[in-house]
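**Q** My structure is in final_13.cif, and what it holds is mmCIF, C-alpha atoms and all ligand atoms:
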```
data_structure
loop_
_atom_site.label_atom_id
_atom_site.label_comp_id
_atom_site.auth_asym_id
_atom_site.auth_seq_id
_atom_site.Cartn_x
_atom_site.Cartn_y
_atom_site.Cartn_z
CA PHE A 13 13.66 1.20 -16.54
CA LYS A 14 12.39 -0.82 -19.46
CA LYS A 15 8.65 -1.37 -19.70
CA LEU A 16 6.86 -4.57 -20.61
CA THR A 17 4.74 -2.78 -23.17
CA ASP A 18 7.86 -1.76 -25.14
CA LEU A 19 9.06 -5.34 -25.71
CA ASP A 20 8.43 -7.88 -28.44
CA LEU A 21 7.18 -10.96 -26.62
CA ALA A 22 6.12 -13.35 -29.38
CA GLY A 23 7.33 -16.87 -28.57
CA LYS A 24 9.14 -15.64 -25.44
CA ARG A 25 9.13 -17.26 -22.02
CA VAL A 26 8.07 -14.48 -19.68
CA LEU A 27 8.55 -14.74 -15.92
CA ILE A 28 6.40 -12.26 -13.99
CA ARG A 29 6.93 -11.48 -10.30
CA VAL A 30 3.45 -10.55 -9.13
CA ASP A 31 2.25 -9.71 -5.64
CA MET A 32 -0.63 -12.09 -5.05
CA ASN A 33 -0.06 -12.02 -1.31
CA VAL A 34 -3.79 -11.97 -0.56
CA PRO A 35 -5.62 -12.85 2.65
CA VAL A 36 -6.47 -16.58 2.61
CA LYS A 37 -8.38 -18.29 5.43
CA ASN A 38 -9.21 -21.99 5.28
CA GLY A 39 -8.47 -21.97 1.57
CA VAL A 40 -10.83 -19.05 0.91
CA ILE A 41 -9.50 -15.74 -0.48
CA GLY A 42 -10.81 -12.75 1.49
CA ASP A 43 -9.95 -10.08 -1.07
CA ASP A 44 -8.75 -10.79 -4.62
CA THR A 45 -7.86 -7.18 -5.50
CA ARG A 46 -4.17 -7.97 -5.90
CA ILE A 47 -4.92 -10.91 -8.19
CA ARG A 48 -7.15 -8.75 -10.40
CA ALA A 49 -4.58 -5.96 -10.40
CA SER A 50 -2.04 -8.38 -11.89
CA LEU A 51 -4.26 -9.37 -14.83
CA PRO A 52 -3.31 -6.59 -17.30
CA SER A 53 0.35 -7.69 -17.51
CA ILE A 54 -0.53 -11.39 -17.70
CA GLU A 55 -3.13 -10.85 -20.40
CA TYR A 56 -0.80 -8.54 -22.30
CA CYS A 57 1.89 -11.25 -22.45
CA LEU A 58 -0.55 -13.98 -23.46
CA LYS A 59 -2.01 -11.82 -26.22
CA ALA A 60 1.49 -11.04 -27.47
CA GLY A 61 2.16 -14.77 -27.94
CA ALA A 62 4.30 -15.47 -24.89
CA SER A 63 4.14 -18.25 -22.32
CA VAL A 64 3.81 -16.97 -18.75
CA ILE A 65 5.35 -18.17 -15.50
CA LEU A 66 4.21 -16.32 -12.41
CA MET A 67 5.89 -16.11 -9.05
CA THR A 68 4.65 -14.60 -5.81
CA HIS A 69 4.98 -15.05 -2.10
CA LEU A 70 2.03 -15.78 0.15
CA GLY A 71 2.32 -14.87 3.81
CA ARG A 72 5.49 -15.36 5.80
CA PRO A 73 6.10 -19.13 5.86
CA THR A 74 9.25 -20.82 7.18
CA GLU A 75 11.51 -21.64 4.23
CA GLY A 76 11.99 -25.29 3.47
CA GLU A 77 8.99 -26.28 5.61
CA PRO A 78 5.89 -26.21 3.38
CA LYS A 79 2.56 -26.42 5.16
CA PRO A 80 -0.78 -26.84 3.39
CA GLU A 81 -1.82 -23.26 4.19
CA ASP A 82 1.31 -21.89 2.47
CA SER A 83 0.25 -23.25 -0.91
CA LEU A 84 -0.76 -21.00 -3.77
CA ALA A 85 -3.45 -23.48 -4.86
CA PRO A 86 -6.39 -21.17 -3.91
CA VAL A 87 -4.66 -18.24 -5.63
CA ALA A 88 -4.09 -20.26 -8.81
CA ALA A 89 -7.72 -21.41 -8.75
CA ARG A 90 -8.99 -17.83 -8.53
CA LEU A 91 -6.57 -16.66 -11.21
CA SER A 92 -7.67 -19.50 -13.43
CA GLU A 93 -11.32 -18.34 -13.07
CA LEU A 94 -10.40 -14.76 -13.88
CA LEU A 95 -8.26 -15.68 -16.90
CA GLY A 96 -10.63 -18.37 -18.12
CA GLN A 97 -7.81 -20.87 -18.54
CA ALA A 98 -5.86 -23.40 -16.53
CA VAL A 99 -3.12 -22.17 -14.18
CA THR A 100 -0.94 -24.91 -12.73
CA VAL A 101 1.20 -24.60 -9.59
CA ALA A 102 4.69 -26.05 -9.89
CA ALA A 103 6.53 -27.09 -6.74
CA ASP A 104 9.33 -28.71 -8.80
CA TRP A 105 10.41 -26.21 -11.38
CA GLN A 106 14.20 -26.27 -11.06
CA ALA A 107 14.61 -28.57 -14.07
CA GLY A 108 12.61 -26.12 -16.20
CA LEU A 109 8.94 -25.53 -16.96
CA PRO A 110 8.16 -26.26 -20.59
CA LEU A 111 5.08 -24.27 -21.59
CA ALA A 112 3.52 -23.57 -24.97
CA ALA A 113 2.73 -20.01 -26.04
CA GLY A 114 -0.48 -18.89 -24.31
CA GLU A 115 -0.02 -21.21 -21.30
CA VAL A 116 0.29 -20.03 -17.68
CA ALA A 117 1.96 -21.68 -14.68
CA MET A 118 2.91 -20.46 -11.21
CA LEU A 119 5.88 -21.39 -9.10
CA GLU A 120 4.82 -22.51 -5.62
CA ASN A 121 5.10 -19.84 -2.88
CA VAL A 122 8.59 -18.39 -3.38
CA ARG A 123 9.10 -17.83 0.34
CA LEU A 124 9.35 -21.59 0.78
CA ASN A 125 12.57 -21.53 -1.26
CA LYS A 126 15.84 -21.46 0.66
CA GLY A 127 17.51 -18.10 0.12
CA GLU A 128 14.44 -16.24 -1.13
CA LYS A 129 14.26 -13.78 1.77
CA LYS A 130 18.05 -13.34 1.79
CA ASN A 131 18.13 -12.38 -1.91
CA ASN A 132 20.34 -15.37 -2.65
CA ALA A 133 22.16 -15.04 -5.99
CA GLU A 134 21.97 -18.75 -6.88
CA LEU A 135 18.23 -18.79 -6.37
CA GLY A 136 17.95 -15.62 -8.45
CA ARG A 137 19.92 -17.35 -11.23
CA ALA A 138 17.63 -20.39 -11.02
CA TYR A 139 14.53 -18.21 -11.44
CA ALA A 140 16.20 -16.29 -14.26
CA SER A 141 17.05 -19.51 -16.12
CA LEU A 142 13.30 -20.10 -16.60
CA CYS A 143 12.80 -17.07 -18.82
CA ASP A 144 13.77 -14.88 -21.74
CA VAL A 145 12.17 -11.84 -20.12
CA PHE A 146 11.71 -11.08 -16.41
CA VAL A 147 8.88 -8.70 -15.53
CA ASN A 148 8.49 -7.18 -12.10
CA ASP A 149 4.87 -6.28 -11.55
CA ALA A 150 4.86 -6.68 -7.76
CA PHE A 151 4.60 -3.11 -6.48
CA GLY A 152 3.44 -4.40 -3.09
CA THR A 153 6.78 -6.19 -2.65
CA ALA A 154 9.00 -3.57 -4.30
CA HIS A 155 10.41 -2.50 -0.91
CA ARG A 156 11.86 -5.97 -0.39
CA ALA A 157 15.16 -7.08 -1.95
CA GLU A 158 14.47 -10.81 -2.21
CA ALA A 159 15.60 -13.38 -4.76
CA SER A 160 12.32 -13.17 -6.70
CA THR A 161 12.25 -9.35 -6.74
CA HIS A 162 15.93 -8.42 -6.89
CA ALA A 163 18.50 -11.16 -7.63
CA VAL A 164 16.41 -12.54 -10.51
CA ALA A 165 16.39 -9.08 -12.11
CA GLN A 166 20.19 -9.07 -12.10
CA PHE A 167 20.50 -12.35 -13.97
CA ALA A 168 17.52 -12.49 -16.34
CA PRO A 169 18.38 -11.81 -20.02
CA VAL A 170 15.98 -8.84 -19.95
CA ALA A 171 14.36 -7.22 -16.89
CA CYS A 172 11.50 -4.76 -17.10
CA ALA A 173 8.56 -3.23 -15.21
CA GLY A 174 5.05 -4.61 -15.68
CA ILE A 175 1.90 -2.60 -16.29
CA LEU A 176 0.83 -2.45 -12.61
CA LEU A 177 4.27 -1.53 -11.30
CA ALA A 178 4.61 1.23 -13.90
CA ALA A 179 1.12 2.56 -13.10
CA GLU A 180 1.81 2.59 -9.36
CA LEU A 181 5.10 4.47 -9.79
CA ASP A 182 3.46 6.85 -12.20
CA ALA A 183 0.61 7.66 -9.79
CA LEU A 184 2.89 8.02 -6.78
CA GLY A 185 5.32 10.15 -8.78
CA LYS A 186 2.48 12.39 -9.91
CA ALA A 187 1.31 12.77 -6.31
CA LEU A 188 4.63 13.32 -4.59
CA LEU A 189 7.37 14.21 -7.04
CA ALA A 190 5.53 16.71 -9.23
CA PRO A 191 2.22 17.35 -7.42
CA ALA A 192 -0.48 19.76 -8.49
CA ARG A 193 -0.75 22.11 -5.51
CA PRO A 194 -1.92 22.49 -2.86
CA LEU A 195 -0.59 19.07 -1.86
CA VAL A 196 -2.55 17.67 1.07
CA ALA A 197 -1.39 14.53 2.87
CA ILE A 198 -3.51 12.64 5.37
CA VAL A 199 -1.43 10.49 7.67
CA ALA A 200 -3.39 8.76 10.36
CA GLY A 201 -2.95 5.72 12.51
CA SER A 202 -2.40 4.72 16.07
CA LYS A 203 1.27 5.62 16.48
CA VAL A 204 3.52 8.53 15.56
CA SER A 205 6.52 6.23 16.06
CA THR A 206 5.62 3.94 13.14
CA LYS A 207 5.03 6.88 10.80
CA LEU A 208 7.54 9.46 12.06
CA THR A 209 9.88 9.10 9.06
CA ILE A 210 6.89 9.59 6.75
CA LEU A 211 5.75 12.68 8.65
CA GLU A 212 9.30 14.10 8.52
CA ALA A 213 9.64 13.42 4.79
CA LEU A 214 6.21 14.88 4.00
CA ALA A 215 6.95 17.96 6.11
CA ASP A 216 9.34 19.06 3.33
CA LYS A 217 6.70 18.69 0.64
CA VAL A 218 3.12 19.18 1.72
CA ASP A 219 1.06 22.35 1.94
CA GLN A 220 -1.31 20.79 4.48
CA LEU A 221 -0.67 17.79 6.69
CA ILE A 222 -3.82 16.28 8.13
CA VAL A 223 -3.09 13.92 10.99
CA GLY A 224 -5.58 11.53 12.55
CA GLY A 225 -6.01 8.85 15.20
CA GLY A 226 -3.31 8.41 17.83
CA ILE A 227 -1.01 10.57 15.69
CA ALA A 228 -3.44 13.52 15.97
CA ASN A 229 -3.69 12.95 19.72
CA THR A 230 0.09 13.20 20.07
CA PHE A 231 0.01 16.40 17.98
CA LEU A 232 -2.77 17.82 20.21
CA LEU A 233 -0.62 16.99 23.23
CA ALA A 234 2.30 18.78 21.56
CA GLU A 235 0.07 21.87 21.27
CA GLY A 236 -0.63 21.73 25.01
CA LYS A 237 -4.14 20.24 24.84
CA THR A 238 -5.64 17.80 27.33
CA ILE A 239 -6.33 14.48 25.65
CA GLY A 240 -7.26 12.41 28.72
CA LYS A 241 -6.93 8.65 28.22
CA SER A 242 -6.57 8.93 24.44
CA LEU A 243 -4.00 6.81 22.64
CA ALA A 244 -0.85 8.93 22.22
CA GLU A 245 2.92 8.86 22.58
CA ALA A 246 3.89 11.55 25.06
CA ASP A 247 7.60 10.97 24.46
CA LEU A 248 7.20 12.06 20.84
CA VAL A 249 5.69 15.52 21.38
CA ASP A 250 8.98 17.19 20.47
CA ASP A 251 9.02 15.31 17.16
CA ALA A 252 5.43 16.39 16.54
CA ARG A 253 6.37 20.01 17.30
CA ARG A 254 9.31 19.79 14.88
CA VAL A 255 7.05 18.51 12.09
CA ILE A 256 4.50 21.27 12.72
CA ALA A 257 7.21 23.96 12.82
CA LYS A 258 8.81 22.71 9.60
CA ILE A 259 5.52 22.87 7.69
CA ARG A 260 4.53 26.26 9.11
CA ALA A 261 7.97 27.66 8.23
CA ARG A 262 7.22 26.77 4.60
CA GLY A 263 3.85 28.55 4.77
CA GLY A 264 1.90 25.31 5.18
CA ASN A 265 -0.32 24.12 7.99
CA VAL A 266 -1.17 21.15 10.19
CA PRO A 267 -4.90 21.57 10.91
CA LEU A 268 -5.67 19.86 14.22
CA PRO A 269 -9.23 18.98 15.26
CA SER A 270 -11.27 21.61 17.11
CA ASP A 271 -14.03 19.18 18.07
CA VAL A 272 -13.78 15.48 18.80
CA VAL A 273 -15.95 12.46 19.52
CA CYS A 274 -15.06 10.98 22.91
CA ALA A 275 -15.99 7.96 24.97
CA SER A 276 -14.96 6.68 28.38
CA GLU A 277 -13.70 3.43 26.89
CA PHE A 278 -12.75 1.82 23.59
CA SER A 279 -15.68 -0.44 22.79
CA ASP A 280 -18.42 -0.82 20.20
CA THR A 281 -21.07 -0.19 22.83
CA ALA A 282 -19.40 2.92 24.31
CA ALA A 283 -21.56 6.06 24.32
CA ALA A 284 -20.13 8.78 22.07
CA THR A 285 -19.97 12.38 23.29
CA LEU A 286 -19.16 15.32 21.05
CA LYS A 287 -16.85 17.86 22.68
CA ASN A 288 -14.75 20.87 21.83
CA VAL A 289 -11.12 19.94 22.25
CA ALA A 290 -10.92 22.39 25.17
CA GLU A 291 -13.61 20.40 27.02
CA VAL A 292 -11.80 17.06 26.92
CA THR A 293 -11.24 15.76 30.47
CA ALA A 294 -8.86 13.26 32.05
CA ASP A 295 -11.46 10.47 31.68
CA ASP A 296 -12.05 10.96 27.97
CA MET A 297 -10.75 8.91 25.10
CA ILE A 298 -10.79 10.66 21.70
CA LEU A 299 -12.02 8.20 19.06
CA ASP A 300 -13.03 10.40 16.11
CA ILE A 301 -13.02 13.96 14.84
CA GLY A 302 -16.19 16.01 15.25
CA PRO A 303 -18.35 17.55 12.48
CA ASP A 304 -16.76 21.03 12.66
CA SER A 305 -13.29 19.53 12.18
CA ALA A 306 -14.58 17.29 9.39
CA LYS A 307 -15.99 20.37 7.65
CA VAL A 308 -12.64 22.19 7.87
CA LEU A 309 -10.83 19.15 6.44
CA ALA A 310 -13.44 18.72 3.71
CA ASP A 311 -12.83 22.36 2.64
CA ILE A 312 -9.06 21.80 2.55
CA VAL A 313 -9.50 18.67 0.45
CA ALA A 314 -11.98 20.41 -1.87
CA LYS A 315 -9.36 23.08 -2.67
CA ALA A 316 -6.46 20.63 -3.03
CA GLY A 317 -4.61 19.87 -6.25
CA THR A 318 -3.37 16.55 -4.88
CA VAL A 319 -4.47 14.40 -1.94
CA VAL A 320 -2.41 11.52 -0.56
CA TRP A 321 -4.39 9.43 1.92
CA ASN A 322 -3.03 6.91 4.39
CA GLY A 323 -5.04 6.13 7.48
CA PRO A 324 -8.55 6.67 8.87
CA VAL A 325 -9.08 9.66 11.19
CA GLY A 326 -11.25 7.74 13.66
CA VAL A 327 -12.25 4.24 14.69
CA PHE A 328 -14.34 3.83 11.53
CA GLU A 329 -15.09 0.15 12.26
CA ILE A 330 -17.38 1.31 15.10
CA GLU A 331 -20.47 3.20 13.90
CA GLN A 332 -20.46 6.01 16.47
CA PHE A 333 -16.77 6.80 15.73
CA SER A 334 -16.94 6.39 11.96
CA HIS A 335 -18.43 9.68 10.79
CA GLY A 336 -15.18 11.65 10.57
CA THR A 337 -13.53 9.09 8.31
CA GLN A 338 -16.67 8.81 6.19
CA ALA A 339 -16.95 12.60 5.80
CA LEU A 340 -13.29 12.97 4.91
CA GLY A 341 -13.44 10.05 2.46
CA GLU A 342 -16.51 11.49 0.77
CA ALA A 343 -14.80 14.89 0.52
CA ILE A 344 -11.77 13.30 -1.15
CA ALA A 345 -14.06 11.41 -3.52
CA LYS A 346 -15.86 14.64 -4.46
CA SER A 347 -12.72 16.75 -4.82
CA ALA A 348 -11.33 17.44 -8.29
CA ALA A 349 -7.84 16.84 -6.84
CA PHE A 350 -5.70 13.94 -8.04
CA SER A 351 -6.17 11.55 -5.10
CA ILE A 352 -4.15 8.51 -4.19
CA ALA A 353 -4.82 6.14 -1.29
CA GLY A 354 -2.91 3.21 0.14
CA GLY A 355 -2.74 0.94 3.17
CA GLY A 356 -5.07 -1.78 4.45
CA ASP A 357 -7.25 0.31 6.80
CA THR A 358 -7.63 3.11 4.28
CA LEU A 359 -8.70 0.70 1.54
CA ALA A 360 -11.16 -0.94 3.93
CA ALA A 361 -12.70 2.49 4.68
CA ILE A 362 -12.86 3.33 0.96
CA ALA A 363 -14.62 0.04 0.25
CA LYS A 364 -17.01 0.47 3.20
CA TYR A 365 -18.21 3.86 1.94
CA GLY A 366 -18.32 2.80 -1.70
CA LEU A 367 -15.72 5.37 -2.80
CA THR A 368 -13.43 3.10 -4.84
CA GLU A 369 -14.42 4.48 -8.23
CA GLN A 370 -13.99 8.09 -7.15
CA ILE A 371 -10.45 7.94 -5.81
CA SER A 372 -8.04 8.68 -8.68
CA TYR A 373 -5.63 5.88 -7.80
CA ILE A 374 -5.78 3.13 -5.21
CA SER A 375 -2.40 1.58 -4.51
CA THR A 376 -1.96 -2.17 -4.03
CA GLY A 377 1.02 -1.46 -1.78
CA GLY A 378 1.03 -1.49 2.00
CA GLY A 379 4.64 -1.30 3.19
CA ALA A 380 5.84 -0.32 -0.29
CA PHE A 381 3.37 2.60 -0.42
CA LEU A 382 4.61 3.82 2.97
CA GLU A 383 8.27 3.54 1.96
CA PHE A 384 7.57 5.57 -1.16
CA LEU A 385 5.97 8.24 1.05
CA GLU A 386 9.13 8.18 3.15
CA GLY A 387 11.09 9.02 0.02
CA LYS A 388 13.02 5.76 0.19
CA GLU A 389 14.35 4.03 -2.89
CA LEU A 390 12.49 0.77 -3.59
CA PRO A 391 15.21 -1.85 -4.23
CA ALA A 392 13.18 -3.96 -6.66
CA VAL A 393 12.63 -0.84 -8.78
CA ALA A 394 16.23 0.36 -8.47
CA ILE A 395 17.56 -2.89 -9.95
CA LEU A 396 15.26 -2.52 -12.96
CA GLY A 397 16.70 0.95 -13.44
CA ALA A 398 20.23 -0.45 -13.27
CA ARG A 399 19.36 -3.04 -15.95
CA ALA A 400 17.77 -0.55 -18.37
C1 LIG B 501 2.50 -6.78 1.59
O1 LIG B 501 1.48 -7.45 1.80
O2 LIG B 501 2.69 -5.66 2.07
C2 LIG B 501 3.52 -7.34 0.63
O3 LIG B 501 3.02 -8.43 -0.05
C3 LIG B 501 4.81 -7.62 1.33
O4 LIG B 501 4.65 -8.65 2.26
P1 LIG B 501 5.74 -8.82 3.42
O5 LIG B 501 5.56 -7.66 4.36
O6 LIG B 501 5.46 -10.16 4.06
O7 LIG B 501 7.09 -8.76 2.78
#
```
Can the structure from this file be put into structure tokens for me?

**A**
Amino acid sequence: FKKLTDLDLAGKRVLIRVDMNVPVKNGVIGDDTRIRASLPSIEYCLKAGASVILMTHLGRPTEGEPKPEDSLAPVAARLSELLGQAVTVAADWQAGLPLAAGEVAMLENVRLNKGEKKNNAELGRAYASLCDVFVNDAFGTAHRAEASTHAVAQFAPVACAGILLAAELDALGKALLAPARPLVAIVAGSKVSTKLTILEALADKVDQLIVGGGIANTFLLAEGKTIGKSLAEADLVDDARRVIAKIRARGGNVPLPSDVVCASEFSDTAAATLKNVAEVTADDMILDIGPDSAKVLADIVAKAGTVVWNGPVGVFEIEQFSHGTQALGEAIAKSAAFSIAGGGDTLAAIAKYGLTEQISYISTGGGAFLEFLEGKELPAVAILGARA
């Protein structure tokens, strides 16, 4: 695909699809990471003498039925602070948005537009008519074929990838398409079912697959261990066995915990008991990995060439079940491996332990990050490739 940084933008009208889908509660932004991550492309265009129109979705509103909480006003206000210049929000833009070079405007929440979600061609043409150059910089929405990510790229005079999108694809490509080995993936979360396609895809690539949370419990069950009342999906043990067998057949490994932190219930006041996996009883609930397991994982991560991290290995929000995730996170931070992390819980853990600066790349993608791990083609990227 074409890249923004290869184009001459002086005097051009540039339309940038960003992903500023940030958490907003009562008009207050909880985390502005995605807004800040969009700044390099915006500032690049302004410096090059272009005018900039931004478009993003916010949440999942009902199209055609705008409610006050769907508005991008708080996002524009924050962006305006960060850029140090006015950013207007345009609800009526169909007749055109005349801007001078160096000015910035945003279209109101694109998901309020009829046909946005359905990738409507007419809507895509309407967006495209606003610009000379369309830039997709919304990695977080690259797995969605919607009018503002896909149709617009078909009809714009020029369509290219922004700085963030290119950096995300570069980092993910480095981690998964041409990784320095050993390649270690950490896939954790409550359910195997939601991440089975990722586990299957990674089974063909990784040297070590570290599983955590309910996924690890299902894998322990697959290996014949007692896991008591722990969260698991007993009907997926065959899938877990297949993943383990596939990785072992390639000379890799799926290191399962040897010690675990248990409680009799899931609560922030529950007493934590450290046990060997063999000692887990019918009344136990596994809520974290133990220190011996954390040490084994830390050694694996220390020797890795690449680490891909999605998911905490314990209930890190609760102090007594947080140590495994903290130890693993600190090991990744210390490792010389190229490390990439993505997903809401993982980013929350990284922020909690102050590891942001030490992870090589932190993705802004949630669903898009996971679909890349699955090996799926991202439609908003594919269309840029087709336009190159
Ligand atoms: C995200 O937050 O993952 C992206 O912005 C996509 O949002 P969506 O799942 O509502 O399409």

**Q** Got a sec to check which residues lie within 7 Å of ligand LIG 501 (chain B), using all atoms listed in the file, and send them as a list in words?

**A**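 So, counting all atoms listed in the file, the residues near ligand LIG 501 (chain B) are Asp31, Asn33, Gly71, Arg72, Gly152, Thr153, Arg156, Gly377, Gly378, Gly379 and Ala380 of chain A.
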
**Q** Would you mind listing what lies within 10 Å of Ala306 in chain A as a PyMOL selection string, with all atoms listed in the file counted and same-chain residues fewer than 2 positions away left out?

**A** chain A and resi 269-272+300-304+308-312+325+335-340+343

**Q** How would you write as a PyMOL selection string the residues that get within 10 Å of (-14.0, 8.1, 5.2) in the file's frame, counting all atoms listed in the file?

**A** chain A and resi 323-326+328+334-345+358-367

**Q** Kindly provide the residues of range 98-166 of chain A that approach range 178-192 of chain A to within 10 Å, each paired with its closest atom pair and their distance in Å to one decimal, based on only C-alpha atoms, listed by chain and increasing number, as JSON lines.

**A**
```
{"residue": "A:Asn148", "atom": "CA", "partner": "A:Ala178", "partner_atom": "CA", "distance": 9.4}
{"residue": "A:Asp149", "atom": "CA", "partner": "A:Ala178", "partner_atom": "CA", "distance": 7.9}
{"residue": "A:Ala150", "atom": "CA", "partner": "A:Glu180", "partner_atom": "CA", "distance": 9.9}
{"residue": "A:Phe151", "atom": "CA", "partner": "A:Glu180", "partner_atom": "CA", "distance": 7.0}
{"residue": "A:Gly152", "atom": "CA", "partner": "A:Glu180", "partner_atom": "CA", "distance": 9.5}
```

**Q** Return the single residue from A:Lys59, A:Asp216, A:Arg399, A:Gly225 that is closest to Lys203 in chain A, with distances computed using all atoms listed in the file.

**A**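 Residue with the minimum atom-to-atom distance to Lys203 in chain A: A:Gly225.
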
**Q** Quick one: everything within 9 Å of Ala228 in chain A, counting all atoms listed in the file, minus sequence neighbours fewer than 3 positions away in the same chain. Send it as number ranges by chain.

**A** A: 200-202, 204, 222-225, 231-233, 244, 268-269, 325

**Q** Enter the distance from CA of Asn121 in chain A to CA of Asp144 in chain A, in Å, rounded to one decimal.

**A**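 Separating CA of Asn121 in chain A from CA of Asp144 in chain A is a distance of 21.3 Å.
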
**Q** Applying 8 Å and only C-alpha atoms, which residues near Asn229 in chain A remain after dropping the ones on its own chain fewer than 6 positions away? List them as a PDB file with C-alpha atoms, keeping the file's coordinate frame.

**A**
```pdb
ATOM      1  CA  ILE A 239      -6.330  14.480  25.650  1.00  0.00           C
ATOM      2  CA  SER A 242      -6.570   8.930  24.440  1.00  0.00           C
ATOM      3  CA  LEU A 243      -4.000   6.810  22.640  1.00  0.00           C
ATOM      4  CA  ALA A 244      -0.850   8.930  22.220  1.00  0.00           C
ATOM      5  CA  ILE A 298     -10.790  10.660  21.700  1.00  0.00           C
TER       6      ILE A 298
END
```

**Q** Rank A:Ser92, A:Thr281, A:Asn322, A:Thr68 by their smallest atom-to-atom distance to Ile374 in chain A, using all atoms listed in the file, and report the top residue only.

**A**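 Checking each candidate against Ile374 in chain A, we get A:Asn322 as the closest.
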
**Q** For Ile256 in chain A, please output as number ranges by chain all residues within 10 Å (counting all atoms listed in the file; exclusion window: fewer than 3 positions along the same chain).

**A** A: 211-212, 215, 221, 231, 234-235, 250-253, 259-261, 264-267
